[in-house]
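Shown next, in structure tokens, is the structure this report addresses.
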Amino acid sequence: MKTPIEVINKNDNNIFMERETGIIHSEFSREYSLFCAIRSGNVALVKKKAKDYMTRGITMGNLSDNSIRQLKYWAVSSIAVAIHYAILGGLDETDAFNLSDEYIRHIDNLSNINDMLSYLSEKATDLTYAVFYSKAGKASSPAIRYALHYIHIHLNEKIRIKDLAKECLLSESYLSTLFKKELGVSIHEYILKEKLNAATIMLSDGASLSEIAYNLSFCSETHFISSYKKVYGTTPHKGRLNYQSEPQSLPPESQSDPESQS
């Protein structure tokens, strides 16, 4: 499916034209939501966000009189921002900037708009995998790396340690000990942190608290609110207002109560 692309501000009086036509740049919240998903290392979420983003279309300012160069400028700026979010997510800076150079060189050699958009979607996924494996790289054993992978792809479910241990072919006690040793946090702490990271993205998308609690399998909306407040020191409602007023800010990551149930 072709992605609708619209270029605005082809007039010297940009603000006047935007008011007259009602056509403005693609809202920042959509881009921010996608970049935060990259930062989280959540591949499934990035695929969904990228598909939604492309389906809804892209509206950008006038960057060049040449249509191909126009999209290349936009693509390069998007790559630059995505790379910085990947670094914030834990990707090594040298690896990240080398990927950035590689992506930009490839974009520079393309001459078809659809090819560029397909490439960007593909690389958003690749970059997110790089962030995820960077996080998983802190674990040395194959069992813990598999446990992290299992947690990420089942984040919308209630993940019980006994089920996770069964998947990893380990006892609950040994898995818990090994996980804590290699990652420095308990399994419950890690799962809760990842669920709340996903919740911050959903909040910025305007999802209701009940919807977030349901989709991330918290025991209840009340449990989600209390968990969020315990980790971030504020309520989800205030957190949403912070995103709307200062979308570049995310709540700081912090360790949760090891007794919290996710």
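A note on labels: chains of the structure tokens are A, B, ... as shown, every chain counts residues from 1, and ligands are counted from 1 in their shown order.
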| field | Test item, strand (DSSP E or B) assignment across segment 16-201 of chain A, answer as JSON, numbers by chain | value | {"A": [58, 59, 60, 61]}
For the residues in that selection, give me C-alpha atoms as a JSON list (two decimals), in the first residue's frame.
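Everything below was put into out28.json:
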```json
[["chain", "number", "residue", "atom", "x", "y", "z"],
["A", 58, "ILE", "CA", 3.17, 11.87, 6.08],
["A", 59, "THR", "CA", 2.82, 15.63, 5.89],
["A", 60, "MET", "CA", 6.09, 17.57, 5.84],
["A", 61, "GLY", "CA", 7.34, 21.05, 5.14]]
```
| said: I need the residues of segment 15-242 of chain A that end up classed as alpha helix (DSSP H) by DSSP on the backbone, written out as a PyMOL selection string. | reply: chain A and resi 15-21+28-40+43-56+67-88+93-108+113-136+142-153+161-168+172-183+187-204+209-215+221-232+236-242
| Nearby residues (only C-alpha atoms) at most 10 Å from Asn156 of chain A, same-chain spacing under 3 positions excluded, as number ranges by chain | A: 151-153, 159, 195, 198, 212-218
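Residues surrounding Glu221 of chain A within 7 Å are A:Leu209, A:Ser210, A:Ala213, A:Ile225 [only C-alpha atoms; sequence separation below 4 positions excluded].
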| said: Taking 4 positions as the minimum chain separation for residues in the same chain, which residues sit within 10 Å of Leu178 of chain A when counting only C-alpha atoms? Answer as an NGL selection string. | reply: :A and (139 or 141 or 143-144 or 172-174 or 182-184 or 186-187)
| task | List the neighbours of segment 35-37 of chain A out to 8 Å using only C-alpha atoms; skip same-chain residues closer than 2 positions along the sequence, and give me the result as a PyMOL selection string. | result | chain A and resi 31-33+39-43+45-46+49+81-82+85+128+198+201
Selection to disk with N, CA and C atoms, as a PDB file, in the first residue's frame:
```pdb
ATOM      1  N   GLU A  31       5.417  10.641  15.799  1.00  0.00           N
ATOM      2  CA  GLU A  31       6.839  10.364  15.664  1.00  0.00           C
ATOM      3  C   GLU A  31       7.438   9.989  17.012  1.00  0.00           C
ATOM      4  N   TYR A  32       7.054  10.737  18.035  1.00  0.00           N
ATOM      5  CA  TYR A  32       7.573  10.500  19.380  1.00  0.00           C
ATOM      6  C   TYR A  32       7.227   9.095  19.854  1.00  0.00           C
ATOM      7  N   SER A  33       6.010   8.665  19.585  1.00  0.00           N
ATOM      8  CA  SER A  33       5.561   7.334  19.985  1.00  0.00           C
ATOM      9  C   SER A  33       6.394   6.258  19.311  1.00  0.00           C
ATOM     10  N   ARG A  39      13.363   3.062  21.296  1.00  0.00           N
ATOM     11  CA  ARG A  39      14.160   3.171  22.521  1.00  0.00           C
ATOM     12  C   ARG A  39      13.898   1.998  23.466  1.00  0.00           C
ATOM     13  N   SER A  40      12.666   1.519  23.525  1.00  0.00           N
ATOM     14  CA  SER A  40      12.309   0.443  24.447  1.00  0.00           C
ATOM     15  C   SER A  40      12.801  -0.921  23.976  1.00  0.00           C
ATOM     16  N   GLY A  41      13.160  -1.036  22.694  1.00  0.00           N
ATOM     17  CA  GLY A  41      13.588  -2.322  22.158  1.00  0.00           C
ATOM     18  C   GLY A  41      12.437  -3.272  21.901  1.00  0.00           C
ATOM     19  N   ASN A  42      11.226  -2.722  21.806  1.00  0.00           N
ATOM     20  CA  ASN A  42      10.025  -3.535  21.621  1.00  0.00           C
ATOM     21  C   ASN A  42       9.722  -3.655  20.120  1.00  0.00           C
ATOM     22  N   VAL A  43      10.160  -4.750  19.521  1.00  0.00           N
ATOM     23  CA  VAL A  43      10.059  -4.922  18.070  1.00  0.00           C
ATOM     24  C   VAL A  43       8.607  -4.980  17.603  1.00  0.00           C
ATOM     25  N   LEU A  45       5.973  -3.708  18.922  1.00  0.00           N
ATOM     26  CA  LEU A  45       5.347  -2.388  19.008  1.00  0.00           C
ATOM     27  C   LEU A  45       5.846  -1.474  17.899  1.00  0.00           C
ATOM     28  N   VAL A  46       7.137  -1.542  17.575  1.00  0.00           N
ATOM     29  CA  VAL A  46       7.697  -0.703  16.509  1.00  0.00           C
ATOM     30  C   VAL A  46       7.063  -1.063  15.166  1.00  0.00           C
ATOM     31  N   LYS A  49       3.671   0.515  15.189  1.00  0.00           N
ATOM     32  CA  LYS A  49       3.739   1.975  15.093  1.00  0.00           C
ATOM     33  C   LYS A  49       4.156   2.416  13.693  1.00  0.00           C
ATOM     34  N   VAL A  81      17.220  11.203  14.352  1.00  0.00           N
ATOM     35  CA  VAL A  81      16.462  11.183  15.610  1.00  0.00           C
ATOM     36  C   VAL A  81      16.327   9.753  16.125  1.00  0.00           C
ATOM     37  N   ALA A  82      16.014   8.810  15.239  1.00  0.00           N
ATOM     38  CA  ALA A  82      15.849   7.408  15.646  1.00  0.00           C
ATOM     39  C   ALA A  82      17.134   6.855  16.250  1.00  0.00           C
ATOM     40  N   TYR A  85      17.520   8.020  19.824  1.00  0.00           N
ATOM     41  CA  TYR A  85      16.640   7.282  20.728  1.00  0.00           C
ATOM     42  C   TYR A  85      17.177   5.868  20.972  1.00  0.00           C
ATOM     43  N   THR A 128      15.557  -1.490  16.214  1.00  0.00           N
ATOM     44  CA  THR A 128      14.926  -1.897  17.467  1.00  0.00           C
ATOM     45  C   THR A 128      15.470  -3.247  17.939  1.00  0.00           C
ATOM     46  N   ALA A 198       6.334   0.322  28.278  1.00  0.00           N
ATOM     47  CA  ALA A 198       5.306   0.227  27.238  1.00  0.00           C
ATOM     48  C   ALA A 198       4.117   1.117  27.586  1.00  0.00           C
ATOM     49  N   ILE A 201       4.512   4.760  26.550  1.00  0.00           N
ATOM     50  CA  ILE A 201       4.261   4.974  25.123  1.00  0.00           C
ATOM     51  C   ILE A 201       2.763   5.018  24.855  1.00  0.00           C
TER      52      ILE A 201
END
```
| message | When you look at Ser67 of chain A with a cut-off of 10 Å (counting only C-alpha atoms), what residues show up, excluding the ones that are within fewer than 4 positions of it in the same chain? I need them as a VMD selection string. | response | chain A and resid 7 62 to 63 71 to 72 111 to 113
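Closest approach to Leu148 of chain A among A:Phe179, A:Phe97, A:Tyr228, A:Tyr103 is made by A:Phe179 (distances from only C-alpha atoms).
Between Ala124 of chain A and the residues A:Trp74, A:Asp92, A:Ala86, A:Arg69, the shortest atom-to-atom distance, using only C-alpha atoms, involves A:Ala86.
Here atom CA of Tyr133 of chain A and atom CA of Lys180 of chain A stand 18.1 Å from one another.
Residue nearest Thr177 of chain A within the list A:Ala165, A:Ile83, A:Ile68, A:Leu88: A:Ala165 [criterion: smallest interatomic distance, only C-alpha atoms].
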